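The structure appears below as structure tokens.
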Amino acid sequence: MADSEAFIPALYKPAGLLPIARHRDALLYTIEKSPVTILVGQTGSGKTTQLPQYLEQAGWCKDGKIIAPRRVAATTVAKRVADEMRCQLGQKVGYSIRFEDVTSASTKIKFLTDGLLLREALVDPLLSKYSVIMVDEAHERSLSSDVLLGVLKKIRKRRPELRIVVSSATLQAETFLQFFARGYADEADVNAVGSIVSIEGRAFPVNTHYLSDPCEDYLERAVRTVFDIHLTEPVGDILIFLTGRSDIDTALQMIADRALSLSADAEKILALPLYAGLTTEEQMYVFEAAPEKYRKVICATNIAEASVTIDGIVYVIDCGFVKLRAYNPDTGIETLSATPVSKASATQRTGRAGRTKAGKCYRLYTETAYDMLPAATVPEIQRSNLAPTILQLKALGIDNIVRFDFLTPPPAELLTRALELLYTLGALDDYAKLTQPLGNRMAELALEPMLAKCLLCATDFGCLSEMLSIAAMTTLQGNVWFTHDSKKQEETAKRKFAVEEGDHLTLLNVYESFVTKGKKDAKWCQQHYLNFKSMSRAVSIRNQLRRYLERFGIAVSETLNTSQDVLKAGGMPMHERLRRCLTSGYFAQAARMQADGTFRLVNDATTVLHAHPSSLMFNRKAEWVIFTEVMGMGEKTFVRDVTKIERGWLVEYAPSYYRLNS
Ligand code: CDP
Ligand code: MG
């Protein structure tokens, strides 16, 4: 065996056998000829991993230009393509996700999220580095991919040589093509604008099973189904669709517990997680074949629905839910909550079982429930807080948001609400123009507007260094705490860092303890149940945020003084500076604690909010608070990362938002 093959097992033949391979020449011809190509093909047919390679081989990167497909799982795909092309990740093939840029001057194929590509447009409005841009999985209709399509349509007018590829796993191809043709002189001649290429799938039949009665607890049911399959069905790996990391962690634990009762000579179970917050290495495990005498069970979020294809899956278990963003314009609150999937999603999930041979799909709901599911998921742009989007568009010089060419226009009340928020944050002026420098800088920071505001005005409060640490900790999409052991231990560990004023100051305390004591001492982290990797990542995120600020000319003088709570000039304790600073950004997410311990929003008495069990405010007394994270679970809405504030500050920092009525 040649050396290279030792670590890249059997990669080349399968690529040639992928459904897309037979369309290689036709695809290259179409892309050469027409500005827009809509590529339709089932998940797993090779769109994401193969097309960029075809383009590179065909010379589309000759002038140092880079092909820029984008997707959710940029990391694993980039790794895979780098392996197939036998190059080191970050060289010819690289990826770029928020706070992590693994590319170099020699990168020709770059995988990045659509959000990041939009940010690149701030510096390079025509995205002139790129010769081909592939908007991958456009059918998922994420907020940023919708916006990106609108921006690309504009760029196309100025860059006729640019090639746009829109890939979709479903048959909405016409919608995309019409969109690109709409408003052009040659509107009638859609063919002049673009073409559709379909890759026929090779799906095997999948037998779908429903529950006869609804189940109370889909996690319990999912785990039971895993063992039913394991004990009675022939070989083949299992893919379980769950809603998020906490579901997945619980399911893995339950599977591990129950696996202990398998008889010693039975096949074993190798259960693995798959969600976006994992590191690239952790994500790569799921692609490796299970060792002999093992059945692989992957507990995944929606990421496995279309973004990631894992070979060898024969059984799919679908819990029937997905975590979706939902924005309520009346309350101004955006929640991420488990919502029943659409029929399209359910079908897509089922299809994951039939890629290499006939499979089975177990839907953990009744057939009646399925019949009542909506046909498709509502595009994100119609159910999101649009403040970040508007900020981004304004920064791109698109001032008239209402006239912007959206694939699907957002509801007017969402726009109004977002404009109002941005105005109060000081990002927009009375003419709805981006303010200088605040609004512009808010758009450039890779943070949501409320947090960006906190950072950009932290200097005024004399707490920039501390606010940077808090921003890094709240932005961190990884577990701060190690949850392998019991929840109890985690609670005890957390209590050691607890700060009376709330979760943000507690996070700051954790961060500062880590950099002073735990950074070079993994043992210290272990003792305190802190996740060393996540904490190191927080340090790196903080450094990047600091570099952004320095580029704006905002100097950061590093201090480590909250533990002593040093009084600075003006006599205001650090915790108050921070709490005021947080209020100036998060005033729209303010609430008051009721006698029963729940919270009500300031200007909406109907919504009941609960402190999340992981919050310091859980079972504690407070009066006025702001919160920076909202989660829906079941019927309830939980707030996490909560900090005590004073009512008067709301009026002080957001006078136009909170008109005094007392
Ligand atoms: O984009 P599309 O869904 O059409 O397919 P793809 O993601 O390009 O996947 C093509 C093939 O590559 C599938 O058979 C995957 O199993 C394989 N693949 C893999 O083994 N490891 C990865 N990290 C990515 C893809
Ligand atoms: Mg794909």
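Chain lettering (A, B, ...) mirrors the order of the structure tokens, residue numbering begins at 1 for each chain separately, and ligand numbering begins at 1 in order of display.
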
Discussion item. Env of range 276-281 of chain A: 9 Å cut, atoms = only C-alpha atoms, seq-sep filter 2 positions within chain, self excluded. Answer as an MDAnalysis selection string.
Written reply: chainID A and resid 72:73 75:76 79 245 273:274 283:285 301 303 477:479

Please find the residues contacting ligand 1 at a distance of at most 7 Å between atoms, with only C-alpha atoms and all ligand atoms counted, and report them as a short mmCIF file (atom, residue, chain, number, x, y, z; two decimals) with N, CA, C and O atoms, in the first residue's frame.
```cif
data_model
loop_
_atom_site.label_atom_id
_atom_site.label_comp_id
_atom_site.auth_asym_id
_atom_site.auth_seq_id
_atom_site.Cartn_x
_atom_site.Cartn_y
_atom_site.Cartn_z
N ALA A 15 -15.46 8.45 -5.38
CA ALA A 15 -15.79 9.74 -5.96
C ALA A 15 -16.20 9.58 -7.42
O ALA A 15 -17.12 10.23 -7.91
N LEU A 18 -19.81 8.46 -7.75
CA LEU A 18 -20.89 9.32 -7.28
C LEU A 18 -21.77 9.76 -8.45
O LEU A 18 -21.27 9.94 -9.56
N GLY A 41 -29.86 17.98 -6.97
CA GLY A 41 -29.47 16.58 -6.83
C GLY A 41 -29.65 16.16 -5.40
O GLY A 41 -29.46 16.95 -4.48
N GLN A 42 -30.00 14.92 -5.23
CA GLN A 42 -30.21 14.41 -3.88
C GLN A 42 -28.98 14.57 -3.01
O GLN A 42 -27.86 14.59 -3.51
N THR A 43 -29.23 14.63 -1.75
CA THR A 43 -28.13 14.72 -0.80
C THR A 43 -27.24 13.50 -0.94
O THR A 43 -27.75 12.39 -1.07
N GLY A 44 -25.96 13.74 -0.97
CA GLY A 44 -25.02 12.63 -1.09
C GLY A 44 -24.60 12.36 -2.52
O GLY A 44 -23.81 11.46 -2.79
N SER A 45 -25.11 13.15 -3.48
CA SER A 45 -24.76 12.86 -4.86
C SER A 45 -23.41 13.46 -5.27
O SER A 45 -22.93 13.21 -6.35
N GLY A 46 -22.83 14.29 -4.40
CA GLY A 46 -21.49 14.80 -4.69
C GLY A 46 -21.42 16.27 -5.02
O GLY A 46 -20.35 16.77 -5.41
N LYS A 47 -22.51 16.99 -4.86
CA LYS A 47 -22.54 18.40 -5.22
C LYS A 47 -21.45 19.20 -4.48
O LYS A 47 -20.65 19.89 -5.08
N THR A 48 -21.46 19.07 -3.18
CA THR A 48 -20.58 19.91 -2.38
C THR A 48 -19.12 19.53 -2.50
O THR A 48 -18.25 20.39 -2.63
N THR A 49 -18.85 18.24 -2.46
CA THR A 49 -17.43 17.84 -2.45
C THR A 49 -16.83 17.77 -3.85
O THR A 49 -15.64 17.98 -4.01
N GLN A 50 -17.63 17.45 -4.86
CA GLN A 50 -17.05 17.21 -6.19
C GLN A 50 -17.01 18.45 -7.08
O GLN A 50 -16.00 18.71 -7.73
N THR A 76 -15.96 19.97 7.96
CA THR A 76 -15.79 18.57 7.56
C THR A 76 -15.67 18.44 6.05
O THR A 76 -14.91 17.61 5.56
N VAL A 77 -16.40 19.26 5.32
CA VAL A 77 -16.32 19.16 3.87
C VAL A 77 -14.94 19.57 3.39
O VAL A 77 -14.33 18.92 2.54
N LYS A 79 -12.19 19.39 4.95
CA LYS A 79 -11.26 18.32 5.31
C LYS A 79 -11.34 17.19 4.30
O LYS A 79 -10.32 16.68 3.82
N ARG A 80 -12.56 16.83 3.97
CA ARG A 80 -12.77 15.75 3.02
C ARG A 80 -12.17 16.09 1.66
O ARG A 80 -11.47 15.30 1.04
N MET A 284 -15.25 14.59 12.55
CA MET A 284 -14.75 13.62 11.58
C MET A 284 -14.95 12.18 12.03
O MET A 284 -15.01 11.28 11.21
N PHE A 287 -17.50 9.83 10.35
CA PHE A 287 -17.30 9.32 8.99
C PHE A 287 -16.48 8.04 8.96
O PHE A 287 -16.44 7.33 7.97
N ALA A 306 -29.17 17.37 5.45
CA ALA A 306 -28.72 17.64 4.08
C ALA A 306 -27.26 18.06 4.01
O ALA A 306 -26.61 17.88 2.99
N SER A 307 -26.71 18.60 5.10
CA SER A 307 -25.35 19.15 5.02
C SER A 307 -24.29 18.07 5.01
O SER A 307 -23.24 18.24 4.42
N VAL A 308 -24.55 17.00 5.70
CA VAL A 308 -23.52 16.00 5.91
C VAL A 308 -24.07 14.64 5.52
O VAL A 308 -25.18 14.29 5.88
N THR A 309 -23.31 13.90 4.74
CA THR A 309 -23.74 12.56 4.37
C THR A 309 -22.78 11.54 4.96
O THR A 309 -21.58 11.64 4.77
N ILE A 310 -23.33 10.60 5.68
CA ILE A 310 -22.49 9.57 6.29
C ILE A 310 -22.82 8.25 5.61
O ILE A 310 -23.99 7.87 5.51
N ASP A 311 -21.80 7.57 5.14
CA ASP A 311 -22.04 6.31 4.46
C ASP A 311 -22.39 5.21 5.45
O ASP A 311 -22.01 5.28 6.61
#
```

Worksheet entry | Residues near Asp247 in chain A, cut-off 12 Å, only C-alpha atoms, skip fewer than 2 positions along chain, as a PyMOL selection string | chain A and resi 217-220+222-223+240-245+249-254+273-275+299-301+319+321-323+338+633

Worksheet entry | Separation of CA of Val625 in chain A from CA of Met574 in chain A in Å | 17.3 Å

Worksheet entry | Residue among A:Arg546, A:Arg119, A:Lys621, A:Arg295 lying closest to Ser465 in chain A, counting only C-alpha atoms | A:Arg546

Pick out each residue of range 91-260 of chain A that DSSP on the backbone tags as alpha helix (DSSP H); I need them as an mmCIF file with N, CA and C atoms, in the first residue's frame.
```cif
data_model
loop_
_atom_site.group_PDB
_atom_site.id
_atom_site.type_symbol
_atom_site.label_atom_id
_atom_site.label_comp_id
_atom_site.auth_asym_id
_atom_site.auth_seq_id
_atom_site.Cartn_x
_atom_site.Cartn_y
_atom_site.Cartn_z
ATOM 1 N N ASP A 114 -22.208 31.297 4.633
ATOM 2 C CA ASP A 114 -22.745 32.412 3.844
ATOM 3 C C ASP A 114 -22.639 33.731 4.608
ATOM 4 N N GLY A 115 -22.761 33.639 5.926
ATOM 5 C CA GLY A 115 -22.630 34.836 6.749
ATOM 6 C C GLY A 115 -21.248 35.473 6.572
ATOM 7 N N LEU A 116 -20.231 34.664 6.554
ATOM 8 C CA LEU A 116 -18.872 35.191 6.408
ATOM 9 C C LEU A 116 -18.635 35.767 5.024
ATOM 10 N N LEU A 117 -19.225 35.133 4.017
ATOM 11 C CA LEU A 117 -19.060 35.654 2.668
ATOM 12 C C LEU A 117 -19.685 37.049 2.578
ATOM 13 N N LEU A 118 -20.824 37.215 3.223
ATOM 14 C CA LEU A 118 -21.457 38.536 3.251
ATOM 15 C C LEU A 118 -20.530 39.548 3.920
ATOM 16 N N ARG A 119 -19.844 39.108 4.961
ATOM 17 C CA ARG A 119 -18.930 40.019 5.634
ATOM 18 C C ARG A 119 -17.745 40.380 4.752
ATOM 19 N N GLU A 120 -17.312 39.424 3.933
ATOM 20 C CA GLU A 120 -16.222 39.734 3.011
ATOM 21 C C GLU A 120 -16.648 40.813 2.026
ATOM 22 N N ALA A 121 -17.947 40.805 1.710
ATOM 23 C CA ALA A 121 -18.453 41.797 0.761
ATOM 24 C C ALA A 121 -18.345 43.220 1.308
ATOM 25 N N LEU A 122 -18.215 43.357 2.629
ATOM 26 C CA LEU A 122 -18.053 44.688 3.205
ATOM 27 C C LEU A 122 -16.736 45.306 2.745
ATOM 28 N N VAL A 123 -15.719 44.464 2.627
ATOM 29 C CA VAL A 123 -14.392 44.938 2.229
ATOM 30 C C VAL A 123 -14.240 44.895 0.715
ATOM 31 N N LEU A 143 -31.549 32.422 6.622
ATOM 32 C CA LEU A 143 -31.596 33.868 6.494
ATOM 33 C C LEU A 143 -30.409 34.383 5.675
ATOM 34 N N SER A 144 -29.214 33.944 6.038
ATOM 35 C CA SER A 144 -28.063 34.505 5.344
ATOM 36 C C SER A 144 -27.926 33.990 3.921
ATOM 37 N N SER A 145 -28.380 32.779 3.632
ATOM 38 C CA SER A 145 -28.251 32.355 2.238
ATOM 39 C C SER A 145 -29.273 33.082 1.372
ATOM 40 N N ASP A 146 -30.443 33.365 1.913
ATOM 41 C CA ASP A 146 -31.420 34.179 1.177
ATOM 42 C C ASP A 146 -30.854 35.565 0.868
ATOM 43 N N VAL A 147 -30.247 36.178 1.880
ATOM 44 C CA VAL A 147 -29.698 37.515 1.684
ATOM 45 C C VAL A 147 -28.536 37.468 0.682
ATOM 46 N N LEU A 148 -27.719 36.438 0.822
ATOM 47 C CA LEU A 148 -26.593 36.287 -0.097
ATOM 48 C C LEU A 148 -27.068 36.204 -1.549
ATOM 49 N N LEU A 149 -28.149 35.469 -1.784
ATOM 50 C CA LEU A 149 -28.669 35.362 -3.147
ATOM 51 C C LEU A 149 -29.037 36.739 -3.688
ATOM 52 N N GLY A 150 -29.667 37.563 -2.833
ATOM 53 C CA GLY A 150 -30.031 38.909 -3.253
ATOM 54 C C GLY A 150 -28.804 39.747 -3.582
ATOM 55 N N VAL A 151 -27.782 39.616 -2.741
ATOM 56 C CA VAL A 151 -26.560 40.386 -2.962
ATOM 57 C C VAL A 151 -25.847 39.908 -4.233
ATOM 58 N N LEU A 152 -25.818 38.604 -4.428
ATOM 59 C CA LEU A 152 -25.165 38.062 -5.627
ATOM 60 C C LEU A 152 -25.877 38.519 -6.894
ATOM 61 N N LYS A 153 -27.178 38.621 -6.792
ATOM 62 C CA LYS A 153 -27.929 39.071 -7.968
ATOM 63 C C LYS A 153 -27.494 40.489 -8.342
ATOM 64 N N LYS A 154 -27.270 41.309 -7.325
ATOM 65 C CA LYS A 154 -26.799 42.670 -7.581
ATOM 66 C C LYS A 154 -25.377 42.672 -8.157
ATOM 67 N N ILE A 155 -24.533 41.844 -7.565
ATOM 68 C CA ILE A 155 -23.139 41.786 -8.021
ATOM 69 C C ILE A 155 -23.068 41.341 -9.479
ATOM 70 N N ARG A 156 -23.938 40.444 -9.833
ATOM 71 C CA ARG A 156 -23.941 39.891 -11.182
ATOM 72 C C ARG A 156 -24.082 40.978 -12.254
ATOM 73 N N LYS A 157 -24.844 42.020 -11.920
ATOM 74 C CA LYS A 157 -25.021 43.108 -12.887
ATOM 75 C C LYS A 157 -23.692 43.763 -13.224
ATOM 76 N N ARG A 158 -22.813 43.847 -12.209
ATOM 77 C CA ARG A 158 -21.538 44.515 -12.414
ATOM 78 C C ARG A 158 -20.430 43.553 -12.821
ATOM 79 N N ALA A 173 -35.902 24.383 -7.975
ATOM 80 C CA ALA A 173 -34.963 24.976 -8.917
ATOM 81 C C ALA A 173 -35.551 26.159 -9.673
ATOM 82 N N GLU A 174 -36.791 25.994 -10.131
ATOM 83 C CA GLU A 174 -37.427 27.056 -10.912
ATOM 84 C C GLU A 174 -37.481 28.376 -10.138
ATOM 85 N N THR A 175 -37.818 28.270 -8.841
ATOM 86 C CA THR A 175 -37.913 29.473 -8.005
ATOM 87 C C THR A 175 -36.606 30.251 -8.053
ATOM 88 N N PHE A 176 -35.505 29.537 -7.918
ATOM 89 C CA PHE A 176 -34.211 30.208 -7.898
ATOM 90 C C PHE A 176 -33.892 30.834 -9.246
ATOM 91 N N LEU A 177 -34.183 30.092 -10.297
ATOM 92 C CA LEU A 177 -33.881 30.593 -11.628
ATOM 93 C C LEU A 177 -34.714 31.835 -11.947
ATOM 94 N N GLN A 178 -36.007 31.761 -11.653
ATOM 95 C CA GLN A 178 -36.892 32.912 -11.885
ATOM 96 C C GLN A 178 -36.389 34.121 -11.112
ATOM 97 N N PHE A 179 -35.912 33.849 -9.901
ATOM 98 C CA PHE A 179 -35.424 34.939 -9.067
ATOM 99 C C PHE A 179 -34.271 35.665 -9.753
ATOM 100 N N PHE A 180 -33.347 34.919 -10.295
ATOM 101 C CA PHE A 180 -32.203 35.564 -10.939
ATOM 102 C C PHE A 180 -32.584 36.265 -12.239
ATOM 103 N N ALA A 181 -33.645 35.778 -12.880
ATOM 104 C CA ALA A 181 -34.055 36.382 -14.143
ATOM 105 C C ALA A 181 -34.892 37.640 -13.914
ATOM 106 N N VAL A 190 -35.308 33.377 -19.776
ATOM 107 C CA VAL A 190 -34.676 32.840 -18.580
ATOM 108 C C VAL A 190 -33.384 32.106 -18.946
ATOM 109 N N ASN A 191 -33.384 31.491 -20.116
ATOM 110 C CA ASN A 191 -32.230 30.687 -20.499
ATOM 111 C C ASN A 191 -30.957 31.494 -20.664
ATOM 112 N N ALA A 192 -31.122 32.794 -20.941
ATOM 113 C CA ALA A 192 -29.940 33.632 -21.077
ATOM 114 C C ALA A 192 -29.281 33.842 -19.720
ATOM 115 N N VAL A 193 -30.077 33.731 -18.680
ATOM 116 C CA VAL A 193 -29.558 33.953 -17.332
ATOM 117 C C VAL A 193 -28.971 32.682 -16.738
ATOM 118 N N TYR A 218 -39.576 11.390 23.457
ATOM 119 C CA TYR A 218 -38.960 10.827 22.259
ATOM 120 C C TYR A 218 -37.539 10.335 22.481
ATOM 121 N N LEU A 219 -36.848 10.872 23.504
ATOM 122 C CA LEU A 219 -35.488 10.397 23.768
ATOM 123 C C LEU A 219 -35.527 8.936 24.230
ATOM 124 N N GLU A 220 -36.417 8.682 25.189
ATOM 125 C CA GLU A 220 -36.602 7.332 25.711
ATOM 126 C C GLU A 220 -36.925 6.402 24.538
ATOM 127 N N ARG A 221 -37.867 6.858 23.727
ATOM 128 C CA ARG A 221 -38.348 6.036 22.625
ATOM 129 C C ARG A 221 -37.249 5.806 21.594
ATOM 130 N N ALA A 222 -36.472 6.836 21.339
ATOM 131 C CA ALA A 222 -35.388 6.719 20.361
ATOM 132 C C ALA A 222 -34.384 5.675 20.832
ATOM 133 N N VAL A 223 -34.037 5.744 22.120
ATOM 134 C CA VAL A 223 -33.044 4.816 22.649
ATOM 135 C C VAL A 223 -33.584 3.384 22.608
ATOM 136 N N ARG A 224 -34.871 3.255 22.959
ATOM 137 C CA ARG A 224 -35.459 1.924 22.892
ATOM 138 C C ARG A 224 -35.413 1.387 21.459
ATOM 139 N N THR A 225 -35.716 2.263 20.505
ATOM 140 C CA THR A 225 -35.707 1.836 19.108
ATOM 141 C C THR A 225 -34.307 1.404 18.676
ATOM 142 N N VAL A 226 -33.289 2.128 19.143
ATOM 143 C CA VAL A 226 -31.909 1.748 18.817
ATOM 144 C C VAL A 226 -31.665 0.294 19.221
ATOM 145 N N PHE A 227 -32.086 -0.049 20.439
ATOM 146 C CA PHE A 227 -31.807 -1.410 20.913
ATOM 147 C C PHE A 227 -32.691 -2.445 20.231
ATOM 148 N N ASP A 228 -33.922 -2.053 19.882
ATOM 149 C CA ASP A 228 -34.757 -2.974 19.105
ATOM 150 C C ASP A 228 -34.078 -3.300 17.781
ATOM 151 N N ILE A 229 -33.604 -2.266 17.108
ATOM 152 C CA ILE A 229 -32.930 -2.478 15.827
ATOM 153 C C ILE A 229 -31.684 -3.328 16.051
ATOM 154 N N HIS A 230 -30.923 -2.931 17.044
ATOM 155 C CA HIS A 230 -29.648 -3.595 17.278
ATOM 156 C C HIS A 230 -29.828 -5.091 17.525
ATOM 157 N N LEU A 231 -30.884 -5.455 18.240
ATOM 158 C CA LEU A 231 -31.057 -6.851 18.608
ATOM 159 C C LEU A 231 -31.796 -7.669 17.553
ATOM 160 N N THR A 232 -32.545 -7.001 16.665
ATOM 161 C CA THR A 232 -33.349 -7.800 15.738
ATOM 162 C C THR A 232 -33.037 -7.580 14.265
ATOM 163 N N ARG A 245 -27.771 19.780 21.122
ATOM 164 C CA ARG A 245 -26.693 19.179 21.888
ATOM 165 C C ARG A 245 -27.180 18.533 23.174
ATOM 166 N N SER A 246 -28.121 19.182 23.867
ATOM 167 C CA SER A 246 -28.479 18.625 25.166
ATOM 168 C C SER A 246 -29.256 17.318 24.989
ATOM 169 N N ASP A 247 -30.137 17.273 23.975
ATOM 170 C CA ASP A 247 -30.791 16.015 23.595
ATOM 171 C C ASP A 247 -29.752 14.941 23.310
ATOM 172 N N ILE A 248 -28.770 15.331 22.525
ATOM 173 C CA ILE A 248 -27.781 14.365 22.056
ATOM 174 C C ILE A 248 -26.952 13.830 23.218
ATOM 175 N N ASP A 249 -26.529 14.727 24.094
ATOM 176 C CA ASP A 249 -25.752 14.289 25.255
ATOM 177 C C ASP A 249 -26.547 13.301 26.108
ATOM 178 N N THR A 250 -27.827 13.628 26.320
ATOM 179 C CA THR A 250 -28.670 12.742 27.119
ATOM 180 C C THR A 250 -28.822 11.386 26.442
ATOM 181 N N ALA A 251 -29.093 11.416 25.140
ATOM 182 C CA ALA A 251 -29.293 10.164 24.416
ATOM 183 C C ALA A 251 -28.022 9.306 24.482
ATOM 184 N N LEU A 252 -26.864 9.925 24.310
ATOM 185 C CA LEU A 252 -25.609 9.166 24.345
ATOM 186 C C LEU A 252 -25.426 8.497 25.702
ATOM 187 N N GLN A 253 -25.750 9.250 26.742
ATOM 188 C CA GLN A 253 -25.634 8.711 28.095
ATOM 189 C C GLN A 253 -26.582 7.527 28.287
ATOM 190 N N MET A 254 -27.820 7.689 27.804
ATOM 191 C CA MET A 254 -28.808 6.616 27.946
ATOM 192 C C MET A 254 -28.382 5.370 27.175
ATOM 193 N N ILE A 255 -27.825 5.604 25.983
ATOM 194 C CA ILE A 255 -27.384 4.458 25.180
ATOM 195 C C ILE A 255 -26.240 3.741 25.893
ATOM 196 N N ALA A 256 -25.319 4.530 26.427
ATOM 197 C CA ALA A 256 -24.178 3.928 27.129
ATOM 198 C C ALA A 256 -24.661 3.113 28.324
ATOM 199 N N ASP A 257 -25.606 3.662 29.070
ATOM 200 C CA ASP A 257 -26.133 2.938 30.231
ATOM 201 C C ASP A 257 -26.755 1.615 29.821
ATOM 202 N N ARG A 258 -27.583 1.697 28.791
ATOM 203 C CA ARG A 258 -28.306 0.498 28.413
ATOM 204 C C ARG A 258 -27.407 -0.528 27.728
ATOM 205 N N ALA A 259 -26.335 -0.050 27.112
ATOM 206 C CA ALA A 259 -25.436 -0.957 26.406
ATOM 207 C C ALA A 259 -24.738 -1.905 27.385
#
```

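If only C-alpha atoms and all ligand atoms are the atoms counted, then among A:His139, A:Arg551, A:Arg182, A:His610 the closest residue to ligand 2 is A:His139.
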
Worksheet item: Hey, what's within 12 Å of range 601-606 of chain A if we count only C-alpha atoms and toss same-chain stuff fewer than 6 positions away? As a PyMOL selection string, please?
Response: chain A and resi 328-333+587-594+623-627+637+639+647+650-651+657-661

For range 58-67 of chain A, please output as a PDB file with all heavy atoms, in the first residue's frame all residues within 6 Å (counting only C-alpha atoms; exclusion window: fewer than 5 positions along the same chain).
```
ATOM      1  N   LYS A 108      -7.299  27.842  -3.094  1.00  0.00           N
ATOM      2  CA  LYS A 108      -8.062  27.974  -4.337  1.00  0.00           C
ATOM      3  C   LYS A 108      -9.525  27.642  -4.104  1.00  0.00           C
ATOM      4  O   LYS A 108     -10.405  28.187  -4.739  1.00  0.00           O
ATOM      5  CB  LYS A 108      -7.517  26.998  -5.395  1.00  0.00           C
ATOM      6  CG  LYS A 108      -6.072  27.196  -5.739  1.00  0.00           C
ATOM      7  CD  LYS A 108      -5.897  28.463  -6.532  1.00  0.00           C
ATOM      8  CE  LYS A 108      -4.440  28.661  -6.906  1.00  0.00           C
ATOM      9  NZ  LYS A 108      -4.171  30.064  -7.251  1.00  0.00           N
ATOM     10  N   ILE A 109      -9.746  26.681  -3.256  1.00  0.00           N
ATOM     11  CA  ILE A 109     -11.125  26.295  -2.954  1.00  0.00           C
ATOM     12  C   ILE A 109     -11.362  26.604  -1.489  1.00  0.00           C
ATOM     13  O   ILE A 109     -10.660  26.107  -0.619  1.00  0.00           O
ATOM     14  CB  ILE A 109     -11.358  24.794  -3.199  1.00  0.00           C
ATOM     15  CG1 ILE A 109     -11.089  24.451  -4.658  1.00  0.00           C
ATOM     16  CG2 ILE A 109     -12.781  24.407  -2.809  1.00  0.00           C
ATOM     17  CD1 ILE A 109     -11.263  22.981  -4.984  1.00  0.00           C
ATOM     18  N   LYS A 129     -12.459  38.513  -5.668  1.00  0.00           N
ATOM     19  CA  LYS A 129     -11.491  37.410  -5.560  1.00  0.00           C
ATOM     20  C   LYS A 129     -12.041  36.124  -6.150  1.00  0.00           C
ATOM     21  O   LYS A 129     -11.310  35.205  -6.453  1.00  0.00           O
ATOM     22  CB  LYS A 129     -11.212  37.118  -4.073  1.00  0.00           C
ATOM     23  CG  LYS A 129     -10.194  38.000  -3.435  1.00  0.00           C
ATOM     24  CD  LYS A 129      -9.767  37.391  -2.105  1.00  0.00           C
ATOM     25  CE  LYS A 129     -10.913  37.434  -1.116  1.00  0.00           C
ATOM     26  NZ  LYS A 129     -10.513  37.249   0.272  1.00  0.00           N
ATOM     27  N   TYR A 130     -13.350  36.043  -6.210  1.00  0.00           N
ATOM     28  CA  TYR A 130     -13.965  34.770  -6.543  1.00  0.00           C
ATOM     29  C   TYR A 130     -14.412  34.690  -7.988  1.00  0.00           C
ATOM     30  O   TYR A 130     -15.006  35.621  -8.520  1.00  0.00           O
ATOM     31  CB  TYR A 130     -15.160  34.507  -5.625  1.00  0.00           C
ATOM     32  CG  TYR A 130     -14.754  34.512  -4.175  1.00  0.00           C
ATOM     33  CD1 TYR A 130     -15.105  35.549  -3.324  1.00  0.00           C
ATOM     34  CD2 TYR A 130     -13.971  33.479  -3.676  1.00  0.00           C
ATOM     35  CE1 TYR A 130     -14.705  35.546  -2.007  1.00  0.00           C
ATOM     36  CE2 TYR A 130     -13.558  33.476  -2.361  1.00  0.00           C
ATOM     37  CZ  TYR A 130     -13.932  34.512  -1.517  1.00  0.00           C
ATOM     38  OH  TYR A 130     -13.527  34.509  -0.219  1.00  0.00           O
ATOM     39  N   SER A 131     -14.109  33.556  -8.609  1.00  0.00           N
ATOM     40  CA  SER A 131     -14.563  33.360  -9.974  1.00  0.00           C
ATOM     41  C   SER A 131     -15.881  32.604 -10.012  1.00  0.00           C
ATOM     42  O   SER A 131     -16.703  32.828 -10.892  1.00  0.00           O
ATOM     43  CB  SER A 131     -13.503  32.602 -10.772  1.00  0.00           C
ATOM     44  OG  SER A 131     -13.174  31.406 -10.103  1.00  0.00           O
ATOM     45  N   VAL A 132     -16.062  31.714  -9.078  1.00  0.00           N
ATOM     46  CA  VAL A 132     -17.325  30.980  -8.989  1.00  0.00           C
ATOM     47  C   VAL A 132     -17.773  30.998  -7.532  1.00  0.00           C
ATOM     48  O   VAL A 132     -16.972  30.757  -6.632  1.00  0.00           O
ATOM     49  CB  VAL A 132     -17.168  29.504  -9.422  1.00  0.00           C
ATOM     50  CG1 VAL A 132     -18.521  28.798  -9.367  1.00  0.00           C
ATOM     51  CG2 VAL A 132     -16.568  29.397 -10.809  1.00  0.00           C
ATOM     52  N   ILE A 133     -19.013  31.295  -7.318  1.00  0.00           N
ATOM     53  CA  ILE A 133     -19.552  31.240  -5.963  1.00  0.00           C
ATOM     54  C   ILE A 133     -20.718  30.271  -5.953  1.00  0.00           C
ATOM     55  O   ILE A 133     -21.634  30.371  -6.769  1.00  0.00           O
ATOM     56  CB  ILE A 133     -20.002  32.636  -5.484  1.00  0.00           C
ATOM     57  CG1 ILE A 133     -18.773  33.543  -5.377  1.00  0.00           C
ATOM     58  CG2 ILE A 133     -20.723  32.529  -4.136  1.00  0.00           C
ATOM     59  CD1 ILE A 133     -19.098  34.981  -5.048  1.00  0.00           C
TER      60      ILE A 133
END
```
